[in-house]
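Source file data-v4.cif; content: mmCIF, C-alpha atoms.
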```cif
data_target
#
loop_
_atom_site.label_atom_id
_atom_site.label_comp_id
_atom_site.auth_asym_id
_atom_site.auth_seq_id
_atom_site.Cartn_x
_atom_site.Cartn_y
_atom_site.Cartn_z
CA MET T 205 4.15 56.41 45.87
CA SER T 206 3.89 60.18 46.17
CA ALA T 207 2.97 62.45 43.29
CA ASN T 208 6.52 63.81 43.19
CA GLU T 209 7.99 60.31 42.99
CA ALA T 210 5.56 59.33 40.25
CA ASN T 211 6.19 62.44 38.19
CA ALA T 212 9.93 61.80 38.39
CA ASP T 213 9.49 58.47 36.62
CA LEU T 214 9.57 59.83 33.09
CA GLN T 215 12.46 57.85 31.65
CA ALA T 216 10.03 55.60 29.75
CA ARG T 217 8.75 58.38 27.46
CA SER T 218 9.45 57.56 23.84
CA PRO T 219 9.62 59.58 20.60
CA TRP T 220 6.01 58.46 20.05
CA ALA T 221 4.90 60.22 23.23
CA LEU T 222 2.85 63.36 23.74
CA ARG T 223 5.76 65.74 24.27
CA ASP T 224 6.48 68.86 26.31
CA VAL T 225 3.11 68.98 28.06
CA THR T 226 2.92 69.65 31.79
CA CYS T 227 -0.79 70.20 32.40
CA ALA T 228 -4.14 69.44 30.76
CA THR T 229 -7.30 71.39 31.49
CA ILE T 230 -10.52 69.63 30.46
CA HIS T 231 -13.32 72.15 29.86
CA PRO T 232 -16.91 71.07 30.62
CA VAL T 233 -19.27 70.56 27.70
CA ASP T 234 -22.49 72.55 27.36
CA GLY T 235 -24.68 69.56 26.56
CA PRO T 236 -24.68 65.89 25.56
CA VAL T 237 -21.67 64.69 23.60
CA ASP T 238 -22.54 63.16 20.23
CA ALA T 239 -19.65 61.40 18.52
CA SER T 240 -18.62 58.50 16.33
CA LEU T 241 -14.96 57.58 16.34
CA VAL T 242 -12.27 55.00 15.69
CA VAL T 243 -9.93 54.01 18.53
CA PRO T 244 -6.29 52.96 18.14
CA GLY T 245 -4.94 49.43 18.35
CA SER T 246 -4.89 47.34 21.49
CA LYS T 247 -1.82 47.50 23.73
CA SER T 248 -2.45 43.92 24.85
CA PHE T 249 -2.56 42.62 21.28
CA THR T 250 0.30 44.83 20.05
CA ASN T 251 2.94 43.65 22.51
CA ARG T 252 1.90 40.02 22.33
CA ALA T 253 2.04 40.13 18.53
CA LEU T 254 5.43 41.85 18.45
CA ILE T 255 7.10 39.26 20.68
CA VAL T 256 5.40 36.23 19.12
CA ALA T 257 6.31 37.51 15.64
CA ALA T 258 9.91 38.07 16.77
CA LEU T 259 10.17 34.48 18.02
CA ALA T 260 8.58 33.04 14.85
CA SER T 261 10.25 31.58 11.80
CA GLY T 262 9.75 33.83 8.79
CA THR T 263 8.36 37.32 8.34
CA SER T 264 5.21 38.74 9.94
CA ARG T 265 3.34 41.84 8.90
CA LEU T 266 1.28 43.36 11.68
CA SER T 267 -1.35 45.99 10.87
CA GLY T 268 -3.13 48.30 13.31
CA LEU T 269 -0.02 48.79 15.49
CA LEU T 270 -0.57 50.96 18.55
CA ARG T 271 2.09 53.67 18.37
CA SER T 272 2.60 54.20 22.09
CA ASP T 273 5.39 54.24 24.66
CA ASP T 274 4.83 50.57 25.51
CA ALA T 275 5.03 49.50 21.88
CA TYR T 276 8.04 51.70 21.18
CA TRP T 277 10.11 50.24 24.01
CA CYS T 278 9.05 46.71 23.09
CA ILE T 279 10.28 47.30 19.52
CA GLU T 280 13.51 48.92 20.74
CA ALA T 281 14.15 45.97 23.07
CA LEU T 282 13.68 43.54 20.18
CA ARG T 283 16.07 45.57 18.03
CA THR T 284 18.62 45.52 20.86
CA LEU T 285 18.39 41.74 20.70
CA GLY T 286 19.11 41.74 16.96
CA VAL T 287 15.56 41.43 15.62
CA GLN T 288 14.84 43.44 12.46
CA VAL T 289 11.64 45.42 12.98
CA ASP T 290 10.45 47.93 10.35
CA VAL T 291 7.67 50.39 11.21
CA VAL T 292 5.72 52.46 8.70
CA GLY T 293 2.72 54.25 10.18
CA ASP T 294 0.60 51.69 11.99
CA GLU T 295 2.10 48.75 10.09
CA VAL T 296 5.13 46.83 11.27
CA THR T 297 7.18 44.10 9.62
CA VAL T 298 8.98 41.73 11.97
CA HIS T 299 11.67 39.40 10.65
CA GLY T 300 11.44 36.41 13.00
CA ILE T 301 14.46 34.75 14.58
CA GLY T 302 13.10 31.21 14.85
CA GLY T 303 13.58 31.11 18.61
CA SER T 304 17.32 31.92 18.54
CA TRP T 305 18.21 35.46 19.65
CA PRO T 306 20.90 36.99 17.39
CA ASN T 307 22.44 39.00 20.25
CA GLN T 308 22.97 36.55 23.09
CA ALA T 309 24.30 39.06 25.61
CA GLY T 310 23.64 42.67 26.50
CA ARG T 311 21.40 45.12 28.31
CA VAL T 312 17.65 45.11 27.62
CA TYR T 313 15.38 48.01 28.63
CA THR T 314 11.64 47.29 28.74
CA GLY T 315 10.29 50.77 29.58
CA ALA T 316 7.23 50.96 31.83
CA GLY T 317 5.31 48.13 30.18
CA GLY T 318 4.40 45.15 32.32
CA THR T 319 3.59 43.14 29.20
CA THR T 320 6.99 43.82 27.62
CA ALA T 321 8.89 43.11 30.84
CA ARG T 322 7.08 39.86 31.61
CA PHE T 323 6.66 38.49 28.09
CA LEU T 324 10.16 39.36 26.89
CA THR T 325 11.87 37.99 30.02
CA SER T 326 10.07 34.70 29.37
CA ALA T 327 10.89 34.72 25.66
CA LEU T 328 14.57 35.34 26.41
CA ALA T 329 14.58 32.46 28.90
CA ALA T 330 13.53 30.14 26.07
CA GLY T 331 16.71 31.02 24.16
CA CYS T 332 20.39 30.92 24.98
CA GLY T 333 22.41 33.76 26.44
CA GLU T 334 22.84 36.16 29.32
CA TRP T 335 21.13 39.55 29.54
CA PHE T 336 20.73 42.35 32.06
CA ILE T 337 17.01 43.27 32.02
CA GLU T 338 15.63 46.47 33.55
CA GLY T 339 12.56 48.65 33.25
CA SER T 340 11.52 52.17 34.19
CA LYS T 341 11.62 53.24 37.83
CA ARG T 342 8.04 52.10 38.45
CA MET T 343 8.42 48.89 36.42
CA ASN T 344 11.43 48.01 38.56
CA GLU T 345 9.08 48.16 41.58
CA ARG T 346 6.32 45.97 40.17
CA PRO T 347 6.13 42.28 41.18
CA MET T 348 7.77 39.60 39.02
CA GLY T 349 8.36 36.92 41.67
CA VAL T 350 5.87 34.33 40.39
CA LEU T 351 7.40 34.55 36.93
CA PHE T 352 10.98 34.35 38.20
CA GLU T 353 10.15 31.28 40.29
CA THR T 354 8.56 29.51 37.32
CA LEU T 355 11.43 30.30 34.94
CA ARG T 356 13.91 29.01 37.53
CA ASP T 357 11.87 25.80 37.84
CA LEU T 358 12.27 25.45 34.06
CA GLY T 359 16.04 25.87 34.15
CA ALA T 360 16.77 29.60 33.91
CA THR T 361 19.16 31.37 36.27
CA ILE T 362 17.90 34.73 37.53
CA ARG T 363 20.07 36.99 39.70
CA PRO T 364 18.41 40.14 41.10
CA ALA T 365 20.52 43.29 40.87
CA THR T 366 19.08 44.85 44.04
CA GLU T 367 18.00 43.69 47.49
CA ARG T 368 14.51 42.95 46.15
CA MET T 369 14.31 39.37 44.94
CA ASP T 370 11.01 39.64 43.05
CA THR T 371 11.48 42.64 40.75
CA LEU T 372 13.62 43.93 37.92
CA PRO T 373 16.47 44.64 37.32
CA ILE T 374 17.90 41.14 36.95
CA THR T 375 20.58 39.22 35.13
CA LEU T 376 19.03 36.33 33.22
CA SER T 377 21.26 33.41 32.17
CA THR T 378 19.75 30.55 30.23
CA GLN T 379 20.40 27.63 27.94
CA GLY T 380 16.72 27.18 27.18
CA LEU T 381 13.65 25.97 29.08
CA ARG T 382 13.46 22.26 29.81
CA GLY T 383 9.70 21.76 29.68
CA GLY T 384 7.77 19.41 31.94
CA ARG T 385 5.06 20.42 34.42
CA VAL T 386 5.05 23.62 36.47
CA GLN T 387 2.61 25.13 38.92
CA MET T 388 1.81 28.85 38.86
CA SER T 389 -0.35 31.33 40.74
CA GLY T 390 -2.50 33.71 38.73
CA ALA T 391 -3.67 35.77 41.70
CA VAL T 392 -1.30 38.72 41.18
CA SER T 393 -1.18 39.02 37.39
CA SER T 394 -2.25 36.95 34.41
CA GLN T 395 0.80 38.33 32.58
CA PHE T 396 3.07 35.83 34.34
CA ILE T 397 1.06 32.97 32.85
CA SER T 398 0.95 34.58 29.42
CA GLY T 399 4.70 35.12 29.50
CA VAL T 400 5.47 31.45 30.13
CA LEU T 401 2.90 30.41 27.51
CA ILE T 402 4.45 32.69 24.86
CA ALA T 403 7.87 31.13 25.50
CA ALA T 404 6.64 27.53 25.72
CA PRO T 405 6.68 26.66 21.96
CA TYR T 406 10.50 26.94 22.17
CA ALA T 407 11.00 24.79 25.27
CA LYS T 408 13.07 21.62 24.91
CA ALA T 409 10.09 19.39 25.73
CA PRO T 410 6.31 19.71 26.09
CA LEU T 411 5.31 22.09 28.86
CA THR T 412 2.20 21.91 31.04
CA ILE T 413 1.16 24.81 33.28
CA GLU T 414 -1.10 24.05 36.23
CA ILE T 415 -2.81 26.99 37.96
CA THR T 416 -2.80 26.54 41.73
CA ASP T 417 -5.37 29.16 42.71
CA THR T 418 -7.21 31.76 40.63
CA ILE T 419 -6.47 34.00 37.66
CA VAL T 420 -7.30 37.66 38.12
CA GLN T 421 -8.16 38.18 34.43
CA HIS T 422 -8.87 34.99 32.51
CA ALA T 423 -9.62 36.81 29.26
CA TYR T 424 -6.05 38.00 28.76
CA VAL T 425 -4.77 34.43 28.99
CA HIS T 426 -7.35 33.42 26.39
CA ILE T 427 -6.08 36.27 24.17
CA THR T 428 -2.56 34.84 24.52
CA LEU T 429 -3.72 31.33 23.65
CA ASP T 430 -5.69 32.56 20.62
CA MET T 431 -2.69 34.47 19.30
CA MET T 432 -0.34 31.54 19.85
CA ARG T 433 -2.66 29.34 17.79
CA ALA T 434 -2.90 32.03 15.10
CA PHE T 435 0.89 31.87 14.73
CA GLY T 436 0.86 28.08 14.50
CA ALA T 437 1.53 26.97 18.08
CA ASN T 438 0.20 23.64 19.33
CA VAL T 439 -1.53 24.50 22.62
CA THR T 440 -4.50 23.07 24.51
CA ALA T 441 -6.37 24.39 27.53
CA ASP T 442 -9.66 23.89 29.33
CA GLU T 443 -12.05 26.84 29.30
CA GLN T 444 -11.46 27.58 33.00
CA LEU T 445 -7.68 27.54 32.39
CA HIS T 446 -6.89 25.15 35.22
CA GLU T 447 -4.29 23.50 32.99
CA MET T 448 -2.60 24.46 29.72
CA ALA T 449 -0.29 22.29 27.62
CA VAL T 450 2.10 23.40 24.86
CA THR T 451 3.99 21.23 22.38
CA PRO T 452 7.32 22.82 21.33
CA THR T 453 6.65 23.30 17.63
CA GLY T 454 7.52 27.02 17.44
CA TYR T 455 5.66 29.81 15.61
CA GLN T 456 5.32 30.65 11.94
CA GLY T 457 5.32 34.22 10.66
CA ARG T 458 2.08 35.52 9.15
CA ASP T 459 0.03 38.62 8.39
CA TYR T 460 -1.92 39.65 11.47
CA GLU T 461 -4.38 42.48 12.18
CA ILE T 462 -4.27 43.97 15.66
CA GLU T 463 -7.66 44.65 17.23
CA ALA T 464 -8.82 48.07 18.39
CA ASP T 465 -8.29 48.77 22.10
CA ALA T 466 -11.39 48.12 24.21
CA SER T 467 -9.75 49.68 27.28
CA THR T 468 -9.30 53.01 25.50
CA ALA T 469 -12.85 52.90 24.12
CA CYS T 470 -14.26 52.75 27.66
CA TYR T 471 -13.25 56.34 28.45
CA PHE T 472 -15.26 57.60 25.49
CA TRP T 473 -18.28 55.48 26.36
CA ALA T 474 -18.05 56.83 29.91
CA ILE T 475 -18.29 60.37 28.54
CA ALA T 476 -21.52 59.43 26.78
CA ALA T 477 -22.82 58.06 30.08
CA LEU T 478 -21.81 61.17 32.02
CA THR T 479 -23.25 63.73 29.61
CA GLY T 480 -26.42 61.92 28.60
CA GLY T 481 -24.93 61.79 25.12
CA ARG T 482 -24.10 59.26 22.46
CA VAL T 483 -20.71 57.77 21.55
CA ARG T 484 -20.21 55.05 18.96
CA VAL T 485 -16.85 53.28 18.62
CA ARG T 486 -16.96 52.01 15.07
CA ASN T 487 -14.01 49.60 14.94
CA LEU T 488 -14.67 47.30 17.89
CA ALA T 489 -17.01 44.33 18.19
CA TYR T 490 -18.69 43.14 21.38
CA GLN T 491 -17.47 39.61 20.58
CA THR T 492 -13.83 40.55 21.27
CA ARG T 493 -11.90 38.58 23.88
CA GLN T 494 -10.82 41.86 25.48
CA PRO T 495 -12.54 41.87 28.89
CA ASP T 496 -12.92 45.64 29.14
CA VAL T 497 -15.59 45.59 26.43
CA HIS T 498 -17.92 44.37 29.18
CA PHE T 499 -17.67 47.77 30.83
CA VAL T 500 -20.64 48.62 28.60
CA ASP T 501 -22.62 46.07 30.63
CA VAL T 502 -21.82 48.05 33.78
CA LEU T 503 -22.91 51.22 32.00
CA ARG T 504 -26.15 49.48 31.00
CA ASP T 505 -26.77 48.65 34.67
CA MET T 506 -26.21 52.35 35.43
CA GLY T 507 -29.04 53.29 33.06
CA CYS T 508 -27.28 53.62 29.70
CA THR T 509 -28.63 52.23 26.45
CA VAL T 510 -26.06 50.02 24.70
CA ASP T 511 -26.19 48.90 21.08
CA THR T 512 -23.85 46.01 20.28
CA ASP T 513 -25.79 44.46 17.40
CA GLY T 514 -25.86 47.13 14.73
CA GLY T 515 -22.81 45.91 12.84
CA GLN T 516 -21.13 49.31 13.15
CA GLY T 517 -19.20 48.87 16.39
CA ILE T 518 -20.63 49.59 19.82
CA GLU T 519 -22.76 52.60 20.80
CA VAL T 520 -23.53 53.89 24.30
CA ARG T 521 -26.27 56.44 25.05
CA GLY T 522 -26.28 58.03 28.48
CA PRO T 523 -29.35 58.49 30.71
CA ALA T 524 -30.64 61.68 32.29
CA LYS T 525 -29.20 60.47 35.61
CA LEU T 526 -26.79 57.60 36.29
CA ARG T 527 -28.01 54.87 38.61
CA GLY T 528 -25.98 53.81 41.62
CA GLY T 529 -26.77 51.42 44.45
CA MET T 530 -24.53 48.78 42.88
CA ASN T 531 -21.95 46.32 44.16
CA VAL T 532 -19.62 45.59 41.24
CA SER T 533 -16.76 43.09 40.99
CA MET T 534 -14.23 44.59 38.57
CA LYS T 535 -11.83 41.65 38.82
CA GLU T 536 -12.01 40.64 35.16
CA MET T 537 -11.88 44.22 33.81
CA SER T 538 -9.84 45.84 36.53
CA ASP T 539 -8.29 48.47 34.23
CA GLN T 540 -11.71 50.15 34.24
CA THR T 541 -11.90 50.43 38.03
CA LEU T 542 -10.72 54.04 37.77
CA THR T 543 -13.28 54.79 35.06
CA LEU T 544 -16.16 53.51 37.17
CA ALA T 545 -14.79 55.21 40.29
CA PHE T 546 -14.74 58.61 38.61
CA LEU T 547 -18.27 58.14 37.21
CA ALA T 548 -19.60 57.08 40.61
CA PRO T 549 -19.95 60.54 42.24
CA PHE T 550 -22.50 61.45 39.55
CA ALA T 551 -24.75 58.44 40.30
CA ASP T 552 -27.88 58.63 42.46
CA ALA T 553 -26.61 56.20 45.13
CA PRO T 554 -23.28 54.80 46.37
CA ILE T 555 -21.29 52.37 44.23
CA VAL T 556 -19.22 49.59 45.80
CA ILE T 557 -16.25 48.27 43.79
CA THR T 558 -14.72 44.92 44.85
CA ASP T 559 -12.12 42.25 43.95
CA VAL T 560 -9.38 44.58 42.66
CA GLY T 561 -6.69 44.44 45.32
CA HIS T 562 -4.18 43.53 42.61
CA ILE T 563 -4.38 47.00 41.02
CA ARG T 564 -2.34 48.35 43.90
CA HIS T 565 0.65 46.89 42.01
CA HIS T 566 0.02 48.53 38.64
CA GLU T 567 1.58 51.78 37.38
CA SER T 568 0.43 53.29 40.67
CA ASP T 569 -1.45 52.05 43.72
CA ARG T 570 -4.69 52.68 41.89
CA LEU T 571 -7.00 52.14 44.86
CA ALA T 572 -5.08 54.70 46.91
CA VAL T 573 -5.07 57.08 43.93
CA ILE T 574 -8.86 56.78 43.55
CA CYS T 575 -9.32 57.79 47.17
CA GLU T 576 -6.81 60.64 47.06
CA THR T 577 -8.29 62.01 43.84
CA LEU T 578 -11.91 61.86 44.97
CA ARG T 579 -11.15 63.42 48.34
CA ARG T 580 -9.38 66.30 46.58
CA LEU T 581 -12.59 66.72 44.60
CA SER T 582 -14.59 66.79 47.90
CA ILE T 583 -16.19 63.38 47.32
CA THR T 584 -16.68 60.88 50.16
CA VAL T 585 -14.94 57.56 49.54
CA GLU T 586 -14.13 54.56 51.73
CA GLU T 587 -11.06 52.43 51.00
CA ARG T 588 -10.75 48.68 51.61
CA PRO T 589 -7.87 46.31 50.81
CA ASP T 590 -9.63 45.06 47.67
CA GLY T 591 -11.85 47.95 46.67
CA VAL T 592 -13.67 51.19 47.46
CA THR T 593 -17.13 52.58 48.20
CA ILE T 594 -17.91 55.90 46.53
CA HIS T 595 -20.77 58.17 47.55
CA PRO T 596 -22.67 60.62 45.34
CA GLY T 597 -21.63 64.25 45.56
CA VAL T 598 -20.84 67.44 43.72
CA PRO T 599 -17.17 67.38 42.71
CA LYS T 600 -15.24 70.62 43.04
CA GLY T 601 -12.65 71.26 40.36
CA THR T 602 -8.99 71.27 41.36
CA ARG T 603 -5.53 70.38 40.07
CA LEU T 604 -4.89 66.63 40.17
CA SER T 605 -1.79 64.50 39.93
CA SER T 606 -1.77 61.79 37.27
CA TYR T 607 0.82 59.82 39.28
CA ASP T 608 2.53 59.17 35.94
CA ASP T 609 -0.22 56.57 35.36
CA HIS T 610 -1.89 56.63 31.95
CA ARG T 611 -5.17 55.19 33.18
CA VAL T 612 -5.38 57.70 36.03
CA ALA T 613 -4.98 60.64 33.63
CA MET T 614 -7.52 59.32 31.13
CA ALA T 615 -10.10 58.51 33.80
CA GLN T 616 -9.62 61.87 35.56
CA SER T 617 -10.34 63.58 32.25
CA ILE T 618 -13.87 62.18 32.35
CA ILE T 619 -14.62 64.27 35.45
CA GLY T 620 -13.50 67.44 33.70
CA VAL T 621 -16.15 66.95 31.02
CA ARG T 622 -18.74 67.81 33.71
CA VAL T 623 -16.79 69.73 36.37
CA PRO T 624 -15.12 73.10 35.77
CA GLY T 625 -11.57 73.64 36.99
CA VAL T 626 -10.21 70.10 36.56
CA GLU T 627 -6.51 70.27 35.70
CA ILE T 628 -4.26 67.21 35.36
CA ASP T 629 -0.53 67.32 35.97
CA ASP T 630 1.78 65.42 33.61
CA PRO T 631 -0.91 64.40 31.12
CA GLY T 632 1.78 63.09 28.76
CA CYS T 633 1.67 59.82 30.71
CA VAL T 634 -1.29 58.85 28.48
CA SER T 635 1.42 58.06 25.91
CA LYS T 636 1.96 54.71 27.58
CA THR T 637 -1.08 53.39 25.72
CA CYS T 638 -2.81 56.27 23.90
CA PRO T 639 -0.69 59.32 22.93
CA MET T 640 -3.61 60.64 20.87
CA PHE T 641 -6.09 60.56 23.78
CA PHE T 642 -6.57 64.33 24.01
CA GLU T 643 -6.85 64.57 20.22
CA LYS T 644 -9.71 62.07 20.44
CA LEU T 645 -11.43 64.20 23.09
CA ARG T 646 -11.21 67.19 20.76
CA GLU T 647 -12.57 65.04 17.94
CA MET T 648 -15.59 64.46 20.19
CA GLY T 649 -16.09 68.21 20.60
CA ILE T 650 -14.49 68.51 24.03
CA ASP T 651 -12.27 71.55 24.62
CA VAL T 652 -8.85 70.60 26.03
CA THR T 653 -6.04 73.03 26.87
CA LEU T 654 -2.55 71.53 26.96
CA ILE T 655 0.34 73.60 28.32
#
```

Could you spell out this file's structure in structure tokens?
Amino acid sequence: MSANEANADLQARSPWALRDVTCATIHPVDGPVDASLVVPGSKSFTNRALIVAALASGTSRLSGLLRSDDAYWCIEALRTLGVQVDVVGDEVTVHGIGGSWPNQAGRVYTGAGGTTARFLTSALAAGCGEWFIEGSKRMNERPMGVLFETLRDLGATIRPATERMDTLPITLSTQGLRGGRVQMSGAVSSQFISGVLIAAPYAKAPLTIEITDTIVQHAYVHITLDMMRAFGANVTADEQLHEMAVTPTGYQGRDYEIEADASTACYFWAIAALTGGRVRVRNLAYQTRQPDVHFVDVLRDMGCTVDTDGGQGIEVRGPAKLRGGMNVSMKEMSDQTLTLAFLAPFADAPIVITDVGHIRHHESDRLAVICETLRRLSITVEERPDGVTIHPGVPKGTRLSSYDDHRVAMAQSIIGVRVPGVEIDDPGCVSKTCPMFFEKLREMGIDVTLI
């Protein structure tokens, strides 16, 4: 996808977005960053909680809501389906529908969120009705085939609206999911598995999911299972997630606190690493299920000092010089591939990143974007089907495309903290998961110009 094509995909911007901003300039700091901050709620927890609470019987009150594009379009989709959702600040009240969608026909727009598209399609399939489901331009290009195949095996009818058989938009017709045993691949996205799991408490009979190969990010499936249990679902699984079984007992509404977002915290820890500074994220514990928290382990291997035991969140202190000479599998925390890639030029030896071929199918082809970005910065990088090798160098500031990818824009910003002249086109794409990202940089003492 070219930069022009990516920047044209702006239809998923919500009223919660960073508005009317075309370029961000990140100004280098004069010395080590020293900051203590609170990060917003987790996208992964927010969208799971919204859809589970909508399916539940009774009322749920969710605190710590992430006010982002993804959450906004998830809430709007639920309202389109007749679910009453009330939002005040970062608290949301969801009046559950007990597994029966009030509006059993219509058009459902999921925005750019893979979680919303995959989880809500599954949740709708567990009900009764017929809906036309579509996402943003990029979401309509992202793979859904494994999920569609599984939902068909369970009784749903899915008719693609274009020549592509494995993507949105589709028409979904269903009279519920029949249960039984299904086989699924987890090699492309764990979200397919989580989607079927979220729907399973409303199947007509017990449902067992057998994984036929591997799961690219086990932790996110564990997050799904934990949340299902928190809302009263009867679900069992082995630790390796070879097989998961759900009894159709539904969900019960409850009060639920959404965790802080470990993925967002990683950008701030990376700034500590890059500047030889200190950044403490106060509202996140190392014991979280979120896999990206283990990015601090990678930073430790690069020479950082990491404090996870102080009872006041997680603190990273950067070294005088980052260590390289590492071969790192980022499979289980692949959202941080970009973060590591844009730290790598500042290390003292090459860094090899492996096992992340699946990120080519995210908001952008992230491996290709890493290579294009680093080459524009005059850094040597080698691309492979499942990863990259990045060599040390002296980046030269330039204007960069964000490719309308929130994680690209946030990770590129890290470079600007050290390198003068780094400008990022369409920085408003950070709104997908963190509209306040640049505000947080300023809170850390980093000068950002938005125009």

task = Check the smallest atom-to-atom distance from each of T:Asp294, T:Asp569, T:Glu587, T:Glu627 to Glu345 in chain T using all atoms listed in the file, then report the winner.
result =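 Distance minimum relative to Glu345 in chain T lands on T:Asp569.
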
ask   = At most 9 Å from (2.0, 46.3, 26.7), file frame, only C-alpha atoms: which residues, as JSON, numbers by chain?
value = {"T": [246, 247, 248, 249, 250, 251, 252, 273, 274, 275, 278, 316, 317, 318, 319, 320, 321, 636, 637]}

Residues within 8 Å of range 506-518 of chain T, only C-alpha atoms, excluding chain neighbours under 4 positions, as a list in words =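 Answer for this query is Ala477, Arg484, Val485, Arg486, Asn487, Leu488, Ala489, Tyr490, Val500, Asp501, Val502, Gly522, Pro523, Lys525, Leu526, Arg527, Gly528 and Ala551 of chain T.
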
query = How far is it from CA of Arg588 in chain T to CA of Gly625 in chain T, in Å with one decimal?
reply = 28.9 Å

task = For CA of Leu571 in chain T and CA of Gln444 in chain T, determine how far apart the two atoms are, in Å to one decimal place.
result = 27.6 Å

message = Show me the residues around (17.6, 30.2, 19.6) - criterion: an atom at most 8 Å away, all atoms listed in the file counted - as JSON, numbers by chain.
response = {"T": [301, 302, 303, 304, 305, 306, 330, 331, 332]}

Resulting file, chosen residues, C-alpha atoms, as a PDB file, in the frame of the given file:
```
ATOM      1  CA  ILE T 301      14.460  34.750  14.580  1.00  0.00           C
ATOM      2  CA  GLY T 302      13.100  31.210  14.850  1.00  0.00           C
ATOM      3  CA  GLY T 303      13.580  31.110  18.610  1.00  0.00           C
ATOM      4  CA  SER T 304      17.320  31.920  18.540  1.00  0.00           C
ATOM      5  CA  TRP T 305      18.210  35.460  19.650  1.00  0.00           C
ATOM      6  CA  PRO T 306      20.900  36.990  17.390  1.00  0.00           C
ATOM      7  CA  ALA T 330      13.530  30.140  26.070  1.00  0.00           C
ATOM      8  CA  GLY T 331      16.710  31.020  24.160  1.00  0.00           C
ATOM      9  CA  CYS T 332      20.390  30.920  24.980  1.00  0.00           C
TER      10      CYS T 332
END
```

Straight-line distance linking CA of Ser394 in chain T with CA of Thr366 in chain T, stated in Å to one decimal = 24.7 Å

ask   = Using all atoms listed in the file, which of T:Ala258, T:Val243, T:Ala404, T:Ile475 sits nearest Leu270 in chain T?
value =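 Smallest separation from Leu270 in chain T among the options: T:Val243.
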
ask   = Mind telling me what the PyMOL selection byres ((chain T and resi 439) around 8) catches here, as a PyMOL selection string?
value = chain T and resi 429+432-433+437-438+440-441+448-451

ask   = Near Leu376 in chain T, counting only C-alpha atoms, which residues have an atom at most 10 Å away, once you skip same-chain residues fewer than 4 positions from it, shown as a ChimeraX atom specification?
value = /T:309,325-326,328-329,332-337,352,355-356,360-364

message = With all atoms listed in the file as the counted atoms, please give the residues lying no more than 7 Å from range 604-616 of chain T, apart from itself and same-chain residues fewer than 4 positions off, as number ranges by chain.
response = T: 207, 210-211, 471, 542-543, 546, 567-568, 577, 627-631, 633-634, 636

Box for range 591-601 of chain T: with edges along x, y and z, all listed atoms inside and 5 Å added on each side, what are the centre and edge lengths in Å to one decimal, as lines of an AutoDock Vina configuration file?
```
center_x = -17.3
center_y = 59.6
center_z = 44.3
size_x = 20.8
size_y = 33.3
size_z = 17.8
```

key: Pick from T:Thr229, T:Ser467, T:Thr412, T:Ser340, whichever lies nearest to Pro452 in chain T using all atoms listed in the file   =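 Answer, going by the shortest atom-to-atom distance: T:Thr412.
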
N, CA, C and O atoms are what I want for range 306-313 of chain T; can you complete it accordingly and write them as an mmCIF file, keeping the file's coordinate frame?
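Writing the result to out38.cif gives the following:
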```
data_model
loop_
_atom_site.group_PDB
_atom_site.id
_atom_site.type_symbol
_atom_site.label_atom_id
_atom_site.label_comp_id
_atom_site.auth_asym_id
_atom_site.auth_seq_id
_atom_site.Cartn_x
_atom_site.Cartn_y
_atom_site.Cartn_z
ATOM 1 N N PRO T 306 19.624 36.672 18.049
ATOM 2 C CA PRO T 306 20.900 36.990 17.390
ATOM 3 C C PRO T 306 21.940 37.546 18.354
ATOM 4 O O PRO T 306 23.125 37.196 18.259
ATOM 5 N N ASN T 307 21.516 38.425 19.279
ATOM 6 C CA ASN T 307 22.440 39.000 20.250
ATOM 7 C C ASN T 307 22.225 38.294 21.587
ATOM 8 O O ASN T 307 21.225 38.529 22.269
ATOM 9 N N GLN T 308 23.165 37.435 21.939
ATOM 10 C CA GLN T 308 22.970 36.550 23.090
ATOM 11 C C GLN T 308 23.573 37.104 24.375
ATOM 12 O O GLN T 308 23.739 36.378 25.361
ATOM 13 N N ALA T 309 23.847 38.392 24.397
ATOM 14 C CA ALA T 309 24.300 39.060 25.610
ATOM 15 C C ALA T 309 24.009 40.544 25.446
ATOM 16 O O ALA T 309 23.903 41.058 24.326
ATOM 17 N N GLY T 310 23.847 41.243 26.569
ATOM 18 C CA GLY T 310 23.640 42.670 26.500
ATOM 19 C C GLY T 310 22.656 43.167 27.534
ATOM 20 O O GLY T 310 22.223 42.426 28.425
ATOM 21 N N ARG T 311 22.293 44.432 27.380
ATOM 22 C CA ARG T 311 21.400 45.120 28.310
ATOM 23 C C ARG T 311 20.068 45.362 27.594
ATOM 24 O O ARG T 311 20.056 45.898 26.488
ATOM 25 N N VAL T 312 18.976 44.990 28.222
ATOM 26 C CA VAL T 312 17.650 45.110 27.620
ATOM 27 C C VAL T 312 16.784 46.003 28.500
ATOM 28 O O VAL T 312 16.616 45.733 29.692
ATOM 29 N N TYR T 313 16.243 47.069 27.904
ATOM 30 C CA TYR T 313 15.380 48.010 28.630
ATOM 31 C C TYR T 313 13.944 47.827 28.164
ATOM 32 O O TYR T 313 13.665 47.890 26.959
#
```
